[in-house]
$ cat target_8.cif   # mmCIF, C-alpha atoms and all ligand atoms
data_work
loop_
_atom_site.label_atom_id
_atom_site.label_comp_id
_atom_site.auth_asym_id
_atom_site.auth_seq_id
_atom_site.Cartn_x
_atom_site.Cartn_y
_atom_site.Cartn_z
CA MET M 290 100.45 87.28 11.34
CA ASN M 291 99.90 85.65 14.71
CA GLN M 292 98.21 88.67 16.19
CA PRO M 293 96.38 88.26 19.46
CA MET M 294 92.67 87.65 18.99
CA SER M 295 90.65 90.80 18.94
CA ASN M 296 88.34 91.35 21.90
CA LYS M 297 85.59 92.27 19.45
CA CYS M 298 83.11 89.53 18.72
CA PRO M 299 83.51 88.16 15.18
CA CYS M 300 79.72 88.45 14.66
CA GLY M 301 79.89 92.23 15.06
CA GLY M 302 77.76 92.32 18.20
CA GLY M 303 80.24 94.10 20.46
CA LYS M 304 82.72 92.69 22.95
CA TYR M 305 83.33 88.96 22.57
CA THR M 306 83.09 88.39 26.34
CA LYS M 307 79.61 89.93 26.37
CA CYS M 308 78.43 88.61 23.01
CA CYS M 309 79.13 85.07 21.80
CA GLN M 310 81.65 83.88 24.37
CA PRO M 311 78.99 82.96 26.98
CA PHE M 312 77.37 80.73 24.35
CA HIS M 313 80.71 79.17 23.39
CA GLN M 314 81.46 78.50 27.05
CA ALA M 315 77.95 77.17 27.61
CA THR M 316 77.21 79.63 30.41
CA LYS M 317 74.27 80.92 28.38
CA LEU M 318 71.97 79.39 25.77
CA PRO M 319 70.97 81.27 22.61
CA ARG M 320 67.34 82.34 22.94
CA THR M 321 66.66 82.99 19.29
CA PRO M 322 67.75 81.62 15.91
CA GLU M 323 69.65 84.88 15.38
CA GLU M 324 71.67 84.45 18.58
CA LEU M 325 72.49 80.88 17.61
CA MET M 326 73.38 81.95 14.08
CA ARG M 327 75.71 84.69 15.38
CA SER M 328 77.37 82.33 17.86
CA ARG M 329 77.88 79.69 15.16
CA TYR M 330 79.40 82.26 12.81
CA SER M 331 81.73 83.38 15.60
CA ALA M 332 82.60 79.75 16.29
CA TYR M 333 83.58 79.29 12.64
CA ALA M 334 85.61 82.50 12.80
CA ARG M 335 87.45 81.29 15.91
CA GLY M 336 87.77 77.68 14.81
CA LEU M 337 85.55 76.25 17.56
CA GLU M 338 84.70 72.99 15.87
CA ASP M 339 83.07 71.45 18.94
CA TYR M 340 80.62 74.31 19.22
CA VAL M 341 79.72 74.09 15.54
CA ARG M 342 79.08 70.37 15.96
CA ALA M 343 77.14 70.72 19.23
CA THR M 344 74.75 73.27 17.74
CA TRP M 345 74.05 71.26 14.58
CA HIS M 346 70.92 69.13 14.69
CA ALA M 347 71.70 65.42 15.07
CA SER M 348 69.66 64.56 11.97
CA THR M 349 71.77 66.73 9.64
CA VAL M 350 75.22 67.12 11.24
CA PRO M 351 77.94 65.92 8.85
CA GLU M 352 79.67 62.77 10.03
CA ASN M 353 83.15 64.10 9.38
CA LEU M 354 82.68 67.72 10.34
CA THR M 355 85.99 69.55 10.28
CA LEU M 356 87.01 73.19 10.10
CA ASP M 357 90.32 72.30 8.45
CA ASP M 358 89.61 74.22 5.25
CA ASN M 359 87.61 76.89 7.05
CA PRO M 360 88.36 80.27 5.40
CA ALA M 361 89.15 83.49 7.28
CA TRP M 362 85.72 84.91 8.08
CA LEU M 363 85.59 88.69 7.93
CA GLN M 364 82.07 89.88 8.56
CA LEU M 365 78.53 88.73 9.17
CA GLN M 366 75.52 90.60 7.91
CA ILE M 367 72.06 89.51 9.05
CA LEU M 368 69.46 90.36 6.41
CA ALA M 369 66.31 88.88 7.90
CA THR M 370 65.17 86.56 10.66
CA GLY M 371 61.91 84.85 11.42
CA LEU M 372 60.52 82.81 14.24
CA HIS M 373 57.45 80.61 14.39
CA GLY M 374 57.09 78.39 17.42
CA ASN M 375 60.03 76.03 17.51
CA ARG M 376 61.19 76.84 14.00
CA GLY M 377 63.12 79.81 12.76
CA TYR M 378 65.30 81.09 9.99
CA VAL M 379 68.09 83.57 9.46
CA HIS M 380 68.95 85.02 6.07
CA PHE M 381 72.51 86.29 6.07
CA LYS M 382 75.59 87.19 4.13
CA ALA M 383 79.00 86.13 5.39
CA TYR M 384 82.17 87.67 3.99
CA PHE M 385 85.43 85.78 3.90
CA GLN M 386 88.93 86.03 2.52
CA GLN M 387 89.62 83.84 -0.50
CA ASP M 388 93.19 84.14 -1.77
CA ASP M 389 93.55 87.90 -2.29
CA GLU M 390 89.88 88.60 -2.64
CA ILE M 391 86.88 89.11 -0.44
CA ALA M 392 84.17 86.59 -1.19
CA VAL M 393 80.65 86.40 0.10
CA MET M 394 78.24 83.58 0.77
CA GLU M 395 74.54 84.20 1.14
CA GLU M 396 72.37 81.65 2.83
CA GLN M 397 69.02 81.17 4.44
CA SER M 398 69.61 78.93 7.46
CA TYR M 399 66.86 76.99 9.18
CA PHE M 400 66.76 76.32 12.90
CA ILE M 401 64.75 74.09 15.17
CA ARG M 402 64.21 74.24 18.93
CA GLU M 403 64.18 71.04 20.96
CA ASN M 404 64.15 70.87 24.76
CA SER M 405 64.57 74.68 24.83
CA ARG M 406 67.78 74.55 22.76
CA TRP M 407 68.13 75.90 19.26
CA TYR M 408 69.91 73.85 16.61
CA TYR M 409 70.97 74.56 13.07
CA LEU M 410 69.02 72.26 10.76
CA ASP M 411 70.01 73.10 7.21
CA GLY M 412 70.34 75.96 4.79
CA GLU M 413 69.76 77.13 1.25
CA VAL M 414 72.61 78.94 -0.40
CA SER M 415 71.33 81.70 -2.68
ZN ZN T 1 78.87 87.66 18.83
#
$ encode --input "target_8.cif" --output "structure tokens" --more "lines below"
Ligand SMILES: [Zn+2]
Amino acid sequence: MNQPMSNKCPCGGGKYTKCCQPFHQATKLPRTPEELMRSRYSAYARGLEDYVRATWHASTVPENLTLDDNPAWLQLQILATGLHGNRGYVHFKAYFQQDDEIAVMEEQSYFIRENSRWYYLDGEVS
């Protein structure tokens, strides 16, 4: 238990410092729905509640957003992405630990760009 955090990015995109950390530290803005999706997944994996909230569109963000019962996220797999103007989507599978088993959630997430920032809008779980 209590191991130091790996320097690999949870999203699988390489070193954390060169992948999602600049987004989490707001030194860089995600340019595509996929970058935002990856950085949000990594934020869930690292328990960065503020980042999850800040990247959720104001019209759909849950009032009482909390990562208290956030599972241990293991792996992200991007299946498809699409971009059309200021709208985009990412179809993904995310693997997590549930008791002694590995579980998976599959979702198509929708994103919207406002004032050159991407936000998560909503998603359809498959
Ligand atoms: Zn990453």
$ residues_around --input "target_8.cif" --residues "Cys308 of chain M" --least-positions-apart "3" --cutoff "12 Å" --atoms "all atoms listed in the file" --output "JSON, numbers by chain"
{"M": [296, 297, 298, 299, 300, 301, 302, 303, 304, 305, 311, 312, 313, 314, 316, 317, 318, 319, 324, 325, 327, 328, 329, 331, 332]}
$ closest_residue --input "target_8.cif" --among "M:Thr321, M:Ser398, M:Tyr408, M:Gln310" --to "Arg342 of chain M" --atoms "only C-alpha atoms"
M:Tyr408
$ closest_residue --input "target_8.cif" --among "M:His373, M:Arg402, M:Lys307, M:Arg320" --to "ligand ZN 1 (chain T)" --atoms "all atoms listed in the file"
M:Lys307
$ closest_residue --input "target_8.cif" --among "M:Ile367, M:Leu356, M:Leu372, M:Leu337" --to "Gln397 of chain M" --atoms "all atoms listed in the file"
M:Ile367
$ closest_residue --input "target_8.cif" --among "M:Arg406, M:Lys382, M:His346, M:Arg335" --to "ligand ZN 1 (chain T)" --atoms "only C-alpha atoms and all ligand atoms"
M:Arg335
$ atom_distance --input "target_8.cif" --atom1 "atom CA of Val350 of chain M" --atom2 "atom CA of Tyr384 of chain M"
22.9 Å
$ axis_aligned_box --input "target_8.cif" --around "segment 382-394 of chain M" --padding-each-side "3 Å" --output "lines of an AutoDock Vina configuration file"
center_x = 84.6
center_y = 86.3
center_z = 1.4
size_x = 24.0
size_y = 11.5
size_z = 14.0
